[in-house]
Structure formats: structure tokens, C-alpha cells
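Undergrad: Here it is: the structure, laid out below.
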Amino acid sequence: MAEWSVTDDVLVHEEEGEALLLNVADGHYYALNRTGAVVWQALNDGTDPIAAVTAAWPDIPSSAVETDVAKVLDDLAAAGLVRRVEGPNRT
């Protein structure tokens, strides 16, 4: 899986397993459900989001977890909340 990094201009409010994100750069708010919040926390912790979701819901088939995490990451990237980190000089 590609490496991902949270962008600098995001404020987060977490409550009851869900998260509300504010992209300060464009003023838009985004809500994350429990799966999205687990992915977000994993990115902030520098851990594998697939492993984090699998640990949270071990009964979900790995193919479904991979698909769901990829969708969350694509949506976060489209909103400018995360970016793909390329090459050996990852930060």
C-alpha cells in the first residue's frame, strides 16, 4: 500500500468514535464515520490504516477492509486532507 500523510491545514474534532475535519485551506468541513476515524487516527499515528481497521473489526474479510480503506483514502485525498508520499524521501 502507498504511504499517506495528513496535510498540515486540517483541524480535527473527535467524538464517540467519529471525527469532524476542517480543511483550513478551503474552509470545508468533512465528517468521518467510525471506519474513516480509524483510518485517520492510523495516518496520524504513522501506522498502517488497513491493519488498524482490521484490528478494530477482525471479522470483516480482508478484501472488504482493503476496499473500504482505499475508498476512504481516495476521498480524503480528493478533499485535500491527505496526500500520497512518494519515493525514498518520505516525510
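Ligands are numbered from 1 in the order shown, chains are lettered A, B, ... in the order of the C-alpha cells, and residues start at 1 in each chain.
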So that I can see what lies close to Val6 in chain A, please list as JSON, numbers by chain the residues with an atom at most 8 Å from it, counting only C-alpha atoms and leaving out residues fewer than 4 positions away in the same chain.
TA: {"A": [10, 43, 44, 81, 82, 83]}
Undergrad: I need the chosen residues saved as an mmCIF file, in the first residue's frame, with all heavy atoms.
TA:
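Once everything was written out, this is selection-v1.cif:
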```cif
data_model
loop_
_atom_site.group_PDB
_atom_site.id
_atom_site.type_symbol
_atom_site.label_atom_id
_atom_site.label_comp_id
_atom_site.auth_asym_id
_atom_site.auth_seq_id
_atom_site.Cartn_x
_atom_site.Cartn_y
_atom_site.Cartn_z
ATOM 1 N N VAL A 10 -5.339 20.913 8.607
ATOM 2 C CA VAL A 10 -6.553 20.206 9.000
ATOM 3 C C VAL A 10 -6.715 20.267 10.511
ATOM 4 O O VAL A 10 -5.794 19.947 11.258
ATOM 5 C CB VAL A 10 -6.524 18.729 8.545
ATOM 6 C CG1 VAL A 10 -7.794 18.011 8.969
ATOM 7 C CG2 VAL A 10 -6.327 18.629 7.046
ATOM 8 N N LEU A 43 -3.280 7.152 10.245
ATOM 9 C CA LEU A 43 -2.408 8.054 9.497
ATOM 10 C C LEU A 43 -1.673 9.005 10.432
ATOM 11 O O LEU A 43 -0.478 9.256 10.258
ATOM 12 C CB LEU A 43 -3.215 8.840 8.460
ATOM 13 C CG LEU A 43 -3.825 8.025 7.329
ATOM 14 C CD1 LEU A 43 -4.727 8.908 6.481
ATOM 15 C CD2 LEU A 43 -2.755 7.370 6.479
ATOM 16 N N ASN A 44 -2.387 9.537 11.418
ATOM 17 C CA ASN A 44 -1.754 10.434 12.387
ATOM 18 C C ASN A 44 -0.703 9.729 13.228
ATOM 19 O O ASN A 44 0.293 10.329 13.613
ATOM 20 C CB ASN A 44 -2.805 11.064 13.308
ATOM 21 C CG ASN A 44 -3.437 12.273 12.687
ATOM 22 O OD1 ASN A 44 -2.748 13.163 12.211
ATOM 23 N ND2 ASN A 44 -4.745 12.303 12.668
ATOM 24 N N LEU A 81 -7.189 16.497 2.204
ATOM 25 C CA LEU A 81 -6.907 16.270 3.622
ATOM 26 C C LEU A 81 -5.692 15.372 3.848
ATOM 27 O O LEU A 81 -5.085 15.410 4.915
ATOM 28 C CB LEU A 81 -8.129 15.666 4.308
ATOM 29 C CG LEU A 81 -9.399 16.512 4.197
ATOM 30 C CD1 LEU A 81 -10.612 15.721 4.645
ATOM 31 C CD2 LEU A 81 -9.249 17.790 5.007
ATOM 32 N N VAL A 82 -5.361 14.561 2.853
ATOM 33 C CA VAL A 82 -4.167 13.717 2.900
ATOM 34 C C VAL A 82 -3.485 13.788 1.546
ATOM 35 O O VAL A 82 -4.087 14.198 0.549
ATOM 36 C CB VAL A 82 -4.487 12.237 3.243
ATOM 37 C CG1 VAL A 82 -5.141 12.110 4.603
ATOM 38 C CG2 VAL A 82 -5.316 11.578 2.169
ATOM 39 N N ARG A 83 -2.232 13.357 1.531
ATOM 40 C CA ARG A 83 -1.508 13.290 0.259
ATOM 41 C C ARG A 83 -0.675 12.013 0.240
ATOM 42 O O ARG A 83 -0.239 11.528 1.291
ATOM 43 C CB ARG A 83 -0.642 14.518 0.049
ATOM 44 C CG ARG A 83 0.497 14.657 1.034
ATOM 45 C CD ARG A 83 1.321 15.920 0.769
ATOM 46 N NE ARG A 83 2.338 16.069 1.771
ATOM 47 C CZ ARG A 83 2.178 16.568 2.975
ATOM 48 N NH1 ARG A 83 0.999 16.999 3.349
ATOM 49 N NH2 ARG A 83 3.177 16.653 3.818
#
```
Undergrad: Assign secondary structure with DSSP using the backbone only, and return the residues of chain A in helix (DSSP H, G or I) as an NGL selection string.
TA: :A and (34-45 or 49-56 or 62-78)
Undergrad: Give me the residues within 8 Å of Arg84 in chain A as a VMD selection string, counting only C-alpha atoms and dropping any in the same chain fewer than 6 places off.
TA: chain A and resid 2 to 5 77
Undergrad: For the selection you just gave me, I'd like the residues written to a file as a JSON list (two decimals), in the first residue's frame, keeping all heavy atoms.
TA:
```json
[["chain", "number", "residue", "atom", "x", "y", "z"],
["A", 2, "ALA", "N", 0.45, 2.26, -0.69],
["A", 2, "ALA", "CA", 1.18, 3.52, -0.74],
["A", 2, "ALA", "C", 1.22, 4.16, 0.65],
["A", 2, "ALA", "O", 0.38, 3.90, 1.50],
["A", 2, "ALA", "CB", 0.49, 4.48, -1.72],
["A", 3, "GLU", "N", 2.21, 4.99, 0.84],
["A", 3, "GLU", "CA", 2.31, 5.74, 2.09],
["A", 3, "GLU", "C", 1.48, 7.02, 1.94],
["A", 3, "GLU", "O", 1.44, 7.63, 0.88],
["A", 3, "GLU", "CB", 3.76, 6.11, 2.36],
["A", 3, "GLU", "CG", 4.65, 4.93, 2.61],
["A", 3, "GLU", "CD", 4.39, 4.28, 3.96],
["A", 3, "GLU", "OE1", 4.11, 5.01, 4.92],
["A", 3, "GLU", "OE2", 4.46, 3.05, 4.02],
["A", 4, "TRP", "N", 0.83, 7.40, 3.03],
["A", 4, "TRP", "CA", -0.02, 8.59, 3.03],
["A", 4, "TRP", "C", 0.37, 9.48, 4.19],
["A", 4, "TRP", "O", 0.84, 9.02, 5.23],
["A", 4, "TRP", "CB", -1.48, 8.20, 3.18],
["A", 4, "TRP", "CG", -2.01, 7.44, 2.00],
["A", 4, "TRP", "CD1", -1.94, 6.10, 1.80],
["A", 4, "TRP", "CD2", -2.65, 7.99, 0.86],
["A", 4, "TRP", "NE1", -2.52, 5.77, 0.61],
["A", 4, "TRP", "CE2", -2.97, 6.91, 0.01],
["A", 4, "TRP", "CE3", -3.01, 9.28, 0.48],
["A", 4, "TRP", "CZ2", -3.62, 7.08, -1.21],
["A", 4, "TRP", "CZ3", -3.67, 9.45, -0.71],
["A", 4, "TRP", "CH2", -3.97, 8.37, -1.54],
["A", 5, "SER", "N", 0.15, 10.77, 4.02],
["A", 5, "SER", "CA", 0.45, 11.75, 5.06],
["A", 5, "SER", "C", -0.71, 12.73, 5.18],
["A", 5, "SER", "O", -1.30, 13.13, 4.18],
["A", 5, "SER", "CB", 1.73, 12.51, 4.68],
["A", 5, "SER", "OG", 1.99, 13.54, 5.58],
["A", 77, "ALA", "N", -8.01, 12.21, 0.01],
["A", 77, "ALA", "CA", -7.08, 12.85, -0.92],
["A", 77, "ALA", "C", -7.81, 13.83, -1.83],
["A", 77, "ALA", "O", -7.34, 14.94, -2.07],
["A", 77, "ALA", "CB", -6.35, 11.80, -1.74]]
```
Undergrad: Give the answer as one residue: which of A:Thr67, A:Ile60, A:Pro49, A:Gly80 has the shortest atom-to-atom distance to Tyr29 in chain A, using only C-alpha atoms?
TA: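 Of A:Thr67, A:Ile60, A:Pro49, A:Gly80, the one nearest Tyr29 in chain A is A:Gly80, counting only C-alpha atoms.
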Undergrad: I need the residue nearest Gly27 in chain A from this list: A:Val85, A:Leu11, A:Ile50, A:Ala78. Use only C-alpha atoms for the distance.
TA: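 Smallest distance to Gly27 in chain A is found for A:Leu11.
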Undergrad: Would you work out the distance separating CA of Gly17 in chain A from CA of Ala64 in chain A, expressed in Å to one decimal?
TA: 20.2 Å
Undergrad: Would you list the contacts of Glu18 in chain A as a list in words, taking every protein, DNA or RNA residue within 12 Å and counting only C-alpha atoms, but skipping same-chain residues closer than 4 positions in sequence?
TA: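 Here the qualifying residues turn out to be Val12, His13, Glu14, Tyr30, Ala31, Leu32, Asn33, Arg34, Thr35, Gly36, Ala37, Val38, Val39, Trp40 and Gln41 of chain A.
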Undergrad: Between A:Ala79, A:Val53, A:Lys71, A:Thr47, which is the closest to Ala25 in chain A once you count only C-alpha atoms?
TA: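 Nearest to Ala25 in chain A: A:Ala79.
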